[in-house]
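Undergrad: The structure follows.
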Amino acid sequence: MEPKTTPYWWDTAPPLAIERPALPTRADAVVVGSGYTGLHAALRIARAGRKVVVLEKGRIGEGCSTRNGGQISTSIKPSLETLTERHGAETARGIVAEGIASRAFVEDFVRAEGIACDFRSCGRFHAAASARAYREFEGLADGETVTLVPRERQREELGTDAYHGGLVYHRHAVLDPGAYHAGLVAKVLEAGGVIVPETPATALDETPSGVTVRTPHGAIAAPDVVLATNGYTGPVSPWHRRRVIPIGSYIIATEPLDPALVKRLFPTDRIASDSRRVVYYYRTSPDGRRILFGGRASAGEMGARAAGQRLRDTMCSLFPELAEARITHAWMGFVAYTFDSLAHTGRTGRIHHAMGYCGSGVGMASYLGMKMGLRVLGDPAGETAMMRPAFPTRPLYAGDPWFLPAAVTTYRILDRLGV
């Protein structure tokens, strides 16, 4: 039987099917995109008594907010040293602190709002794909929030001998992204927000006092627009499109397995990832019966089933005991990278944005969406250190990552060489 090409999460939390309402002609704010970013912004705005309308080009939450692996990190990829060199010590410390805050925000939000999404503060085992990577890890461990696991103790964390030891990030967490998204949708609707599916924004006509958003079903005007499109940012805003790099991330789910086997492979039930530049990430399903394995399957984009076969081969090279396991789901979604490996938020005129989460969007999209909603309200609490760095682009880049196949191929070669 061929695997489904819809996310595993959709089996229990499919995108909400609602009838498209008539598009209002005015609102206090219009949010473009119904993922974590847009919904958190909309929730803050709606709970302040403002009229907010969320536009979604397809089904509600059809993008990567319901297609990811549900892993929650502290989100910041560049090191403190690198950030200090680029932006100065104060901004660097602020950015790192915002990454930690984003992780805490999700847990606090889920618990305070009573969202049933299998949230667990389980930690992450980050495996060293080479001896060199492990030596670099030695300088990252602090003995408390980040601890070192030598190769001889690796099987205490992960049932494979394929790595050279690793790190445990004790603050990292996991949830069911489909259920989390469904909970967010419910909260926005309860707060009076209007969500309009199958309604892409086709143009943003800005004036000094506001923005008119044009769609195939009419136009809506508002003083503020929130652009929350991340890896699905299209031609509606060329300025933003030039600053994010859409990259397909692919995931497979196995059939239900013997719980004893899952326990041998994931003895601590942590989420896992590795140090390769073209990273793999994996975890158990919330019920502990399946293994979900994700990453970049090829230099270019490809079909989900073909990519799934490649991911299966990689998964079985790490865990030979899975050689007979059937794959039931193989799907993909677009994440957005940036040229400086940082998420960015801010505004250009009356258009607010938060995007470019570089594969760590569950926490940071939620957090920066919330912050953006506060800024729309004029609340100083919406300010964040993530607003300070300029949002870079590159010459000759207009949103189509023509350079990606060559870059991925180069990274894979370097990964194989262990450099």
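To be explicit about the labels: the chains of the structure tokens are called A, B, and onward in the order shown, and within each one the residues are counted from 1, while ligands get numbers from 1 in the order they are shown.
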Env of Ala29 (chain A): 12 Å cut, atoms = only C-alpha atoms, seq-sep filter 3 positions within chain, self excluded. Answer as a PyMOL selection string.
TA: chain A and resi 24-26+32+38+41-46+48-55+193-194+210-213+220-227+350-352+372-377
Undergrad: Apply DSSP to the backbone of this structure and, from region 16-234 of chain A, keep only the residues in alpha helix (DSSP H); write these as a ChimeraX atom specification.
TA: /A:36-47,80-87,89-113,131-137,177-190
Undergrad: Pick from A:Leu261, A:Leu368, A:Ile245, A:Leu140: nearest to Tyr397 (chain A), with only C-alpha atoms counted?
TA: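 Residue with the minimum atom-to-atom distance to Tyr397 (chain A): A:Ile245.
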Undergrad: Can you build me a table of region 95-126 of chain A residues sitting at most 12 Å from region 282-297 of chain A, with the closest atom pair per residue and its distance in Å to one decimal, using only C-alpha atoms, sorted by chain and residue number, as a Markdown table?
TA:
```
| residue | atom | partner | partner_atom | distance |
| --- | --- | --- | --- | --- |
| A:Ala116 | CA | A:Pro286 | CA | 11.6 |
| A:Cys117 | CA | A:Pro286 | CA | 9.0 |
| A:Asp118 | CA | A:Pro286 | CA | 6.4 |
| A:Phe119 | CA | A:Pro286 | CA | 8.9 |
| A:Arg120 | CA | A:Pro286 | CA | 9.3 |
| A:Cys122 | CA | A:Arg283 | CA | 10.7 |
| A:Gly123 | CA | A:Arg283 | CA | 11.1 |
| A:Arg124 | CA | A:Arg283 | CA | 9.4 |
| A:Phe125 | CA | A:Tyr282 | CA | 10.0 |
| A:His126 | CA | A:Tyr282 | CA | 10.4 |
```
Undergrad: Give me, as a PyMOL selection string, all polymer residues having an atom no more than 7 Å from Thr199 (chain A), counting only C-alpha atoms and skipping those fewer than 5 positions away in the same chain.
TA: chain A and resi 55-58+215-217
Undergrad: Go ahead and save the picked residues with N, CA, C and O atoms, as a compact mmCIF listing (two decimals), in the first residue's frame.
TA:
```
# COMPACT_ATOMS: atom_id res chain seq x y z
N LEU A 55 -6.83 35.90 6.53
CA LEU A 55 -7.00 35.37 5.18
C LEU A 55 -6.07 34.18 4.98
O LEU A 55 -4.90 34.22 5.35
N GLU A 56 -6.60 33.12 4.40
CA GLU A 56 -5.80 31.92 4.09
C GLU A 56 -6.04 31.55 2.64
O GLU A 56 -7.19 31.44 2.20
N LYS A 57 -4.96 31.34 1.89
CA LYS A 57 -5.13 31.07 0.46
C LYS A 57 -5.72 29.69 0.18
O LYS A 57 -6.34 29.48 -0.86
N GLY A 58 -5.55 28.74 1.10
CA GLY A 58 -6.11 27.40 0.93
C GLY A 58 -7.00 27.03 2.09
O GLY A 58 -7.79 27.84 2.58
N THR A 215 -8.29 40.51 -2.98
CA THR A 215 -8.41 39.06 -3.08
C THR A 215 -9.34 38.73 -4.24
O THR A 215 -10.03 39.62 -4.76
N PRO A 216 -9.43 37.48 -4.66
CA PRO A 216 -10.39 37.11 -5.70
C PRO A 216 -11.84 37.31 -5.28
O PRO A 216 -12.74 37.27 -6.13
N HIS A 217 -12.08 37.51 -3.99
CA HIS A 217 -13.45 37.64 -3.48
C HIS A 217 -13.75 39.04 -2.98
O HIS A 217 -14.69 39.23 -2.20
```
Undergrad: Write out as a PyMOL selection string which residues come within 12 Å of Arg241 (chain A) when counting only C-alpha atoms, dropping same-chain ones fewer than 4 positions away.
TA: chain A and resi 227-237+245-246+336-338+353+355-356+391-394+397-401
Undergrad: Which is closer to Ala191 (chain A) than all the others in A:His40, A:Pro21, A:Glu301, A:Pro238, using only C-alpha atoms?
TA: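 Going through A:His40, A:Pro21, A:Glu301, A:Pro238 one by one, the smallest distance to Ala191 (chain A) is for A:His40.
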Undergrad: Calculate how many Å separate CA of Arg20 (chain A) from CA of Leu204 (chain A), rounding to one decimal.
TA: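 Distance reported for this atom pair: 20.8 Å.
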